[in-house]
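*Asks:* Just passing along the structure, written as structure tokens.
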Amino acid sequence: MKKYYNFDTRFISLRDALREYLHGHNIKYELSGNYSYYHFEILADAVELEKINAFLDMQCITEV
């Protein structure tokens, strides 16, 4: 079953990387901006969520 999950970031590079990842894997999402924050609402199932989290972990590790 798919659910909506939220993710917020301030980093433009992370916003762009996540947007590209989701688009490339045909995962539906909505992106909005609020001042210097970017907010994702991602529609995913449990398997997709695990892959998204692994992707975000790798992105955050490389950002440091």
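The way I read the labels, and the way they are meant: chains A, B, ... in the order of the structure tokens, residue 1 as the first residue of every chain, and ligand 1 as the first ligand shown, with later ones counted on from there.
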Name all residues at most 10 Å from Tyr37 (chain A) (count only C-alpha atoms; drop same-chain ones fewer than 2 positions away) and give them as JSON, numbers by chain.
*Replies:* {"A": [8, 9, 10, 11, 12, 15, 32, 33, 34, 35, 39]}
*Asks:* Counting only C-alpha atoms, give me one row per residue of region 4-26 of chain A with an atom at most 9 Å from an atom of region 49-62 of chain A, showing the shortest contact pair and its distance in Å to one decimal, sorted by chain then residue number, as a tab-separated table.
*Replies:*
```
residue	atom	partner	partner_atom	distance
A:Tyr5	CA	A:Leu49	CA	8.4
A:Leu14	CA	A:Gln59	CA	7.1
A:Ala17	CA	A:Gln59	CA	8.1
A:Leu18	CA	A:Leu56	CA	7.6
A:Tyr21	CA	A:Phe55	CA	8.3
A:Leu22	CA	A:Ile52	CA	8.1
```
*Asks:* From chain A, collect each residue whose DSSP state is helix (DSSP H, G or I) and return the set as number ranges by chain.
*Replies:* A: 12-24, 46-63
*Asks:* Could you check which of A:Ser13, A:Phe7, A:Glu41, A:Lys2 is closest to Tyr29 (chain A), using only C-alpha atoms?
*Replies:* A:Glu41
*Asks:* DSSP on the backbone: which residues in chain A end up as strand (DSSP E or B)? Give the answer as number ranges by chain.
*Replies:* A: 3-9, 29-34, 37-44
*Asks:* Skip Asp45 (chain A) itself and residues of its chain fewer than 6 positions away, then list as a list in words all residues within 9 Å of it, counting only C-alpha atoms.
*Replies:* Met1, Lys2, Lys3 and Tyr4 of chain A
